[in-house]
>>> print(open('entry_25.pdb').read())   # PDB, C-alpha atoms, pLDDT in the B column
ATOM      1  CA  MET U   1      40.259   4.088   4.895  1.00 94.00           C
ATOM      2  CA  HIS U   2      38.820   4.459   8.409  1.00 96.00           C
ATOM      3  CA  GLN U   3      35.463   5.484   6.976  1.00 96.00           C
ATOM      4  CA  GLN U   4      35.139   1.998   5.431  1.00 94.00           C
ATOM      5  CA  GLN U   5      33.091   0.201   8.057  1.00 92.00           C
ATOM      6  CA  GLN U   6      31.351  -3.108   8.694  1.00 95.00           C
ATOM      7  CA  PRO U   7      29.269  -4.586  11.528  1.00 96.00           C
ATOM      8  CA  PHE U   8      32.022  -6.596  13.265  1.00 98.00           C
ATOM      9  CA  PHE U   9      35.540  -6.158  14.609  1.00 98.00           C
ATOM     10  CA  GLY U  10      38.126  -8.551  13.218  1.00 98.00           C
ATOM     11  CA  TRP U  11      38.676  -9.959   9.745  1.00 97.00           C
ATOM     12  CA  GLN U  12      37.490 -12.932   7.745  1.00 96.00           C
ATOM     13  CA  ASP U  13      40.840 -14.712   8.276  1.00 97.00           C
ATOM     14  CA  ASP U  14      43.801 -14.595  10.579  1.00 98.00           C
ATOM     15  CA  ASN U  15      46.825 -12.781   9.150  1.00 98.00           C
ATOM     16  CA  TYR U  16      50.182 -11.490  10.343  1.00 97.00           C
ATOM     17  CA  ILE U  17      51.746  -8.485  11.982  1.00 97.00           C
ATOM     18  CA  GLY U  18      55.413  -8.874  11.201  1.00 93.00           C
ATOM     19  CA  SER U  19      56.074 -12.583  11.642  1.00 95.00           C
ATOM     20  CA  LEU U  20      53.471 -12.983  14.414  1.00 97.00           C
ATOM     21  CA  LYS U  21      50.127 -14.530  13.649  1.00 97.00           C
ATOM     22  CA  GLN U  22      47.342 -12.018  14.185  1.00 97.00           C
ATOM     23  CA  HIS U  23      44.088 -13.613  15.330  1.00 97.00           C
ATOM     24  CA  ASN U  24      40.999 -11.977  13.855  1.00 98.00           C
ATOM     25  CA  SER U  25      37.956 -13.727  15.319  1.00 97.00           C
ATOM     26  CA  GLN U  26      34.937 -11.583  14.608  1.00 97.00           C
ATOM     27  CA  SER U  27      33.343  -9.759  17.533  1.00 98.00           C
ATOM     28  CA  ALA U  28      30.499  -7.279  17.933  1.00 97.00           C
ATOM     29  CA  ALA U  29      32.329  -5.331  20.673  1.00 98.00           C
ATOM     30  CA  TRP U  30      35.720  -3.645  20.443  1.00 98.00           C
ATOM     31  CA  HIS U  31      36.671  -4.240  24.074  1.00 98.00           C
ATOM     32  CA  SER U  32      36.100  -7.992  23.658  1.00 98.00           C
ATOM     33  CA  PHE U  33      38.041  -8.187  20.406  1.00 98.00           C
ATOM     34  CA  TYR U  34      40.958  -6.122  21.715  1.00 98.00           C
ATOM     35  CA  SER U  35      41.130  -8.177  24.914  1.00 98.00           C
ATOM     36  CA  GLU U  36      40.800 -11.631  23.389  1.00 98.00           C
ATOM     37  CA  CYS U  37      42.488 -11.270  20.002  1.00 98.00           C
ATOM     38  CA  ARG U  38      45.175  -8.725  20.768  1.00 98.00           C
ATOM     39  CA  ILE U  39      46.155  -8.309  24.412  1.00 98.00           C
ATOM     40  CA  LEU U  40      45.638 -11.541  26.368  1.00 98.00           C
ATOM     41  CA  GLN U  41      47.107 -13.858  23.737  1.00 97.00           C
ATOM     42  CA  LEU U  42      50.363 -11.899  23.601  1.00 98.00           C
ATOM     43  CA  VAL U  43      50.548 -11.453  27.368  1.00 98.00           C
ATOM     44  CA  LYS U  44      50.405 -15.255  27.645  1.00 98.00           C
ATOM     45  CA  VAL U  45      53.330 -15.570  25.210  1.00 98.00           C
ATOM     46  CA  LEU U  46      55.389 -13.197  27.362  1.00 98.00           C
ATOM     47  CA  PHE U  47      54.397 -15.127  30.499  1.00 98.00           C
ATOM     48  CA  ASP U  48      55.400 -18.433  28.862  1.00 98.00           C
ATOM     49  CA  ARG U  49      58.779 -16.889  27.958  1.00 97.00           C
ATOM     50  CA  GLY U  50      59.330 -15.732  31.542  1.00 97.00           C
ATOM     51  CA  ALA U  51      59.103 -12.017  30.743  1.00 97.00           C
ATOM     52  CA  PHE U  52      55.800 -11.639  32.627  1.00 97.00           C
ATOM     53  CA  SER U  53      54.853 -12.736  36.128  1.00 98.00           C
ATOM     54  CA  LYS U  54      51.480 -13.852  37.455  1.00 98.00           C
ATOM     55  CA  ALA U  55      51.059 -10.308  38.812  1.00 97.00           C
ATOM     56  CA  ASP U  56      51.505  -8.995  35.259  1.00 98.00           C
ATOM     57  CA  ILE U  57      48.810 -11.393  34.046  1.00 98.00           C
ATOM     58  CA  ILE U  58      46.461 -10.021  36.700  1.00 98.00           C
ATOM     59  CA  LEU U  59      47.228  -6.452  35.574  1.00 98.00           C
ATOM     60  CA  ALA U  60      46.482  -7.428  31.976  1.00 98.00           C
ATOM     61  CA  ASP U  61      43.143  -8.914  33.032  1.00 98.00           C
ATOM     62  CA  LEU U  62      42.300  -5.735  34.970  1.00 98.00           C
ATOM     63  CA  PHE U  63      43.280  -3.615  31.967  1.00 98.00           C
ATOM     64  CA  CYS U  64      41.007  -5.664  29.712  1.00 98.00           C
ATOM     65  CA  ASP U  65      38.146  -5.390  32.207  1.00 98.00           C
ATOM     66  CA  LYS U  66      38.432  -1.586  32.040  1.00 98.00           C
ATOM     67  CA  LEU U  67      38.535  -1.302  28.252  1.00 97.00           C
ATOM     68  CA  ILE U  68      34.784  -0.824  27.979  1.00 96.00           C
ATOM     69  CA  GLU U  69      35.201   2.362  30.057  1.00 96.00           C
ATOM     70  CA  LEU U  70      38.429   3.559  28.441  1.00 96.00           C
ATOM     71  CA  ILE U  71      37.613   3.490  24.741  1.00 96.00           C
ATOM     72  CA  PRO U  72      34.663   5.335  23.189  1.00 97.00           C
ATOM     73  CA  ILE U  73      32.224   3.239  21.197  1.00 96.00           C
ATOM     74  CA  GLU U  74      32.671   3.598  17.442  1.00 97.00           C
ATOM     75  CA  PRO U  75      31.802   1.391  14.487  1.00 97.00           C
ATOM     76  CA  PRO U  76      34.487  -1.025  13.261  1.00 98.00           C
ATOM     77  CA  ALA U  77      36.806   0.790  10.835  1.00 98.00           C
ATOM     78  CA  LEU U  78      39.125  -0.688   8.234  1.00 98.00           C
ATOM     79  CA  LEU U  79      42.632  -0.409   9.699  1.00 98.00           C
ATOM     80  CA  HIS U  80      46.057  -0.638   8.153  1.00 98.00           C
ATOM     81  CA  GLY U  81      47.095  -2.381  11.362  1.00 97.00           C
ATOM     82  CA  ASP U  82      50.821  -1.542  11.244  1.00 96.00           C
ATOM     83  CA  LEU U  83      50.805   2.122  10.315  1.00 96.00           C
ATOM     84  CA  TRP U  84      54.142   3.574  11.356  1.00 94.00           C
ATOM     85  CA  ARG U  85      56.770   5.748   9.628  1.00 91.00           C
ATOM     86  CA  GLY U  86      58.474   2.732   8.076  1.00 91.00           C
ATOM     87  CA  ASN U  87      55.307   1.615   6.287  1.00 93.00           C
ATOM     88  CA  TYR U  88      54.550   4.713   4.252  1.00 89.00           C
ATOM     89  CA  LEU U  89      56.353   6.719   1.616  1.00 92.00           C
ATOM     90  CA  ILE U  90      55.761   9.594  -0.745  1.00 91.00           C
ATOM     91  CA  SER U  91      55.729   8.376  -4.345  1.00 93.00           C
ATOM     92  CA  SER U  92      57.586  10.087  -7.171  1.00 94.00           C
ATOM     93  CA  SER U  93      54.258  11.656  -8.173  1.00 95.00           C
ATOM     94  CA  GLY U  94      53.973  13.254  -4.717  1.00 93.00           C
ATOM     95  CA  TYR U  95      51.229  11.025  -3.286  1.00 92.00           C
ATOM     96  CA  ALA U  96      51.433   9.139  -0.016  1.00 87.00           C
ATOM     97  CA  ALA U  97      51.467   5.344  -0.238  1.00 92.00           C
ATOM     98  CA  ILE U  98      51.113   2.860   2.611  1.00 93.00           C
ATOM     99  CA  PHE U  99      52.266  -0.756   2.542  1.00 92.00           C
ATOM    100  CA  ASP U 100      52.975  -3.836   4.698  1.00 93.00           C
ATOM    101  CA  PRO U 101      49.504  -3.918   6.236  1.00 94.00           C
ATOM    102  CA  ALA U 102      48.174  -6.125   9.004  1.00 97.00           C
ATOM    103  CA  VAL U 103      44.562  -5.299   8.127  1.00 97.00           C
ATOM    104  CA  TYR U 104      41.451  -5.884  10.177  1.00 98.00           C
ATOM    105  CA  TYR U 105      38.391  -3.945  11.260  1.00 98.00           C
ATOM    106  CA  GLY U 106      39.025  -2.291  14.598  1.00 98.00           C
ATOM    107  CA  HIS U 107      38.900   0.938  16.528  1.00 98.00           C
ATOM    108  CA  ARG U 108      40.508   3.660  14.432  1.00 98.00           C
ATOM    109  CA  GLU U 109      42.503   4.948  17.403  1.00 98.00           C
ATOM    110  CA  MET U 110      44.658   1.840  16.921  1.00 98.00           C
ATOM    111  CA  ASP U 111      46.124   3.197  13.683  1.00 98.00           C
ATOM    112  CA  ILE U 112      46.456   6.683  15.147  1.00 98.00           C
ATOM    113  CA  GLY U 113      48.259   5.304  18.204  1.00 97.00           C
ATOM    114  CA  MET U 114      50.625   3.352  15.986  1.00 97.00           C
ATOM    115  CA  THR U 115      51.443   6.470  13.968  1.00 97.00           C
ATOM    116  CA  CYS U 116      52.596   8.136  17.196  1.00 96.00           C
ATOM    117  CA  LEU U 117      55.091   5.387  18.037  1.00 94.00           C
ATOM    118  CA  PHE U 118      58.678   5.420  16.802  1.00 89.00           C
ATOM    119  CA  GLY U 119      58.920   9.056  15.750  1.00 87.00           C
ATOM    120  CA  GLY U 120      55.354   9.786  14.733  1.00 90.00           C
ATOM    121  CA  PHE U 121      54.035  11.451  11.616  1.00 93.00           C
ATOM    122  CA  ASP U 122      54.170  15.111  10.679  1.00 92.00           C
ATOM    123  CA  GLN U 123      51.627  17.271  12.558  1.00 95.00           C
ATOM    124  CA  ARG U 124      49.917  18.015   9.220  1.00 94.00           C
ATOM    125  CA  PHE U 125      48.786  14.382   9.129  1.00 94.00           C
ATOM    126  CA  TYR U 126      46.968  14.672  12.484  1.00 96.00           C
ATOM    127  CA  ASP U 127      45.539  18.100  11.637  1.00 97.00           C
ATOM    128  CA  GLY U 128      44.199  16.799   8.324  1.00 97.00           C
ATOM    129  CA  TYR U 129      42.767  13.699   9.965  1.00 97.00           C
ATOM    130  CA  GLN U 130      40.977  15.806  12.583  1.00 97.00           C
ATOM    131  CA  GLU U 131      39.556  18.020   9.852  1.00 98.00           C
ATOM    132  CA  ILE U 132      38.168  15.120   7.815  1.00 97.00           C
ATOM    133  CA  TYR U 133      37.179  12.570  10.478  1.00 97.00           C
ATOM    134  CA  PRO U 134      37.613  13.981  14.011  1.00 98.00           C
ATOM    135  CA  LEU U 135      38.582  11.626  16.803  1.00 98.00           C
ATOM    136  CA  GLU U 136      36.616  11.504  20.039  1.00 96.00           C
ATOM    137  CA  ASN U 137      37.629  13.899  22.818  1.00 96.00           C
ATOM    138  CA  ARG U 138      40.668  12.947  24.908  1.00 96.00           C
ATOM    139  CA  TRP U 139      42.137  10.672  22.238  1.00 97.00           C
ATOM    140  CA  GLN U 140      45.641  11.850  23.158  1.00 96.00           C
ATOM    141  CA  GLN U 141      45.123  10.654  26.744  1.00 96.00           C
ATOM    142  CA  ARG U 142      44.178   7.210  25.397  1.00 96.00           C
ATOM    143  CA  LEU U 143      47.143   6.827  23.038  1.00 97.00           C
ATOM    144  CA  GLN U 144      48.903   4.333  25.279  1.00 98.00           C
ATOM    145  CA  VAL U 145      45.810   2.121  25.350  1.00 98.00           C
ATOM    146  CA  SER U 146      46.024   1.764  21.571  1.00 98.00           C
ATOM    147  CA  GLN U 147      49.817   1.442  21.660  1.00 98.00           C
ATOM    148  CA  LEU U 148      49.757  -1.540  24.025  1.00 98.00           C
ATOM    149  CA  TYR U 149      49.197  -4.040  21.227  1.00 98.00           C
ATOM    150  CA  PRO U 150      52.090  -2.952  18.990  1.00 98.00           C
ATOM    151  CA  LEU U 151      54.358  -2.737  22.036  1.00 98.00           C
ATOM    152  CA  LEU U 152      53.414  -6.301  22.989  1.00 98.00           C
ATOM    153  CA  VAL U 153      54.228  -7.358  19.424  1.00 98.00           C
ATOM    154  CA  HIS U 154      57.606  -5.617  19.675  1.00 97.00           C
ATOM    155  CA  ALA U 155      58.307  -7.211  23.072  1.00 98.00           C
ATOM    156  CA  ILE U 156      57.798 -10.644  21.518  1.00 98.00           C
ATOM    157  CA  LEU U 157      59.614 -10.000  18.238  1.00 97.00           C
ATOM    158  CA  PHE U 158      62.449  -7.723  19.325  1.00 95.00           C
ATOM    159  CA  GLY U 159      63.066  -8.402  22.980  1.00 87.00           C
ATOM    160  CA  THR U 160      62.662  -7.279  26.501  1.00 84.00           C
ATOM    161  CA  GLN U 161      63.459  -3.578  25.987  1.00 92.00           C
ATOM    162  CA  TYR U 162      59.713  -3.172  25.256  1.00 97.00           C
ATOM    163  CA  VAL U 163      58.455  -5.179  28.253  1.00 97.00           C
ATOM    164  CA  GLU U 164      58.760  -2.296  30.741  1.00 97.00           C
ATOM    165  CA  SER U 165      56.742  -0.016  28.457  1.00 97.00           C
ATOM    166  CA  VAL U 166      54.024  -2.681  28.303  1.00 98.00           C
ATOM    167  CA  LYS U 167      54.010  -3.123  32.075  1.00 98.00           C
ATOM    168  CA  ASN U 168      53.834   0.646  32.626  1.00 97.00           C
ATOM    169  CA  ILE U 169      50.756   0.925  30.396  1.00 98.00           C
ATOM    170  CA  LEU U 170      49.081  -1.983  32.178  1.00 98.00           C
ATOM    171  CA  LYS U 171      49.755  -0.363  35.571  1.00 98.00           C
ATOM    172  CA  LYS U 172      48.559   3.060  34.433  1.00 97.00           C
ATOM    173  CA  PHE U 173      45.221   1.882  33.050  1.00 97.00           C
ATOM    174  CA  SER U 174      44.403  -1.056  35.351  1.00 93.00           C
TER     175      SER U 174
END
>>> encode(input="entry_25.pdb", output="structure tokens")
Amino acid sequence: MHQQQQPFFGWQDDNYIGSLKQHNSQSAAWHSFYSECRILQLVKVLFDRGAFSKADIILADLFCDKLIELIPIEPPALLHGDLWRGNYLISSSGYAAIFDPAVYYGHREMDIGMTCLFGGFDQRFYDGYQEIYPLENRWQQRLQVSQLYPLLVHAILFGTQYVESVKNILKKFS
């Protein structure tokens, strides 16, 4: 799936991740797309709800300013968008199946980061991925950068228990 590429990040239409609208404006640069369509919009929602302060907004802006340095440049890859343990199964014929997508073209570390949240996938998944389409060096050190978006989504949908995780990532990478 990640080897399906196109010239822009985003999607032809907005869609949803859970019940949240997912904005998919097309962009030529990953850092711009991730900042504008994923991070800053959700940070504003948390600010409007009182879960974020002005200082947190500043940290989010600093984080977004650093994205160009944090994430290696890769072509836009077709992403599942919500690839966690609850959105895959093994069929009766023994094949893996994924469902409940929030598709867009993005940086493939986004899907990998999501697979590491909430229990992760079996190590054989990551070993097989690395064998077929190796990730850039230090991808494990960048996991939290790719996990920020789904944690922001969870903070909005499921409550404040995720807000501290979001703030910690912003502090660490700002």
>>> residues_around(input="entry_25.pdb", residues="region 58-63 of chain U", least_positions_apart="5", cutoff="12 Å", atoms="all atoms listed in the file", output="NGL selection string")
:U and (31-32 or 34-36 or 38-44 or 46-47 or 52-53 or 68-71 or 144-145 or 148-149 or 152 or 166-174)
>>> residues_near_point(input="entry_25.pdb", point="(35.2, 12.0, 18.5)", cutoff="12 Å", atoms="all atoms listed in the file", output="PyMOL selection string")
chain U and resi 71-75+107-109+129-140
>>> axis_aligned_box(input="entry_25.pdb", around="region 40-55 of chain U", padding_each_side="5 Å", output="JSON")
{"center_x": 52.5, "center_y": -14.4, "center_z": 31.2, "size_x": 23.7, "size_y": 18.1, "size_z": 25.2}
>>> atom_distance(input="entry_25.pdb", atom1="CA of Gln26 (chain U)", atom2="CA of Ile156 (chain U)")
23.9 Å
>>> residues_around(input="entry_25.pdb", residues="region 83-97 of chain U", least_positions_apart="4", cutoff="6 Å", atoms="all atoms listed in the file", output="PyMOL selection string")
chain U and resi 111+114-115
>>> write_last_selection(input="entry_25.pdb", atoms="C-alpha atoms", output="mmCIF file, in the coordinates of the input")
data_model
loop_
_atom_site.group_PDB
_atom_site.id
_atom_site.type_symbol
_atom_site.label_atom_id
_atom_site.label_comp_id
_atom_site.auth_asym_id
_atom_site.auth_seq_id
_atom_site.Cartn_x
_atom_site.Cartn_y
_atom_site.Cartn_z
ATOM 1 C CA ASP U 111 46.124 3.197 13.683
ATOM 2 C CA MET U 114 50.625 3.352 15.986
ATOM 3 C CA THR U 115 51.443 6.470 13.968
#
>>> closest_residue(input="entry_25.pdb", among="U:Leu117, U:Leu78, U:Cys64, U:Ala51", to="Glu164 (chain U)", atoms="only C-alpha atoms")
U:Ala51
>>> closest_residue(input="entry_25.pdb", among="U:Lys54, U:His23, U:Lys66, U:His2", to="Ile112 (chain U)", atoms="only C-alpha atoms")
U:His2
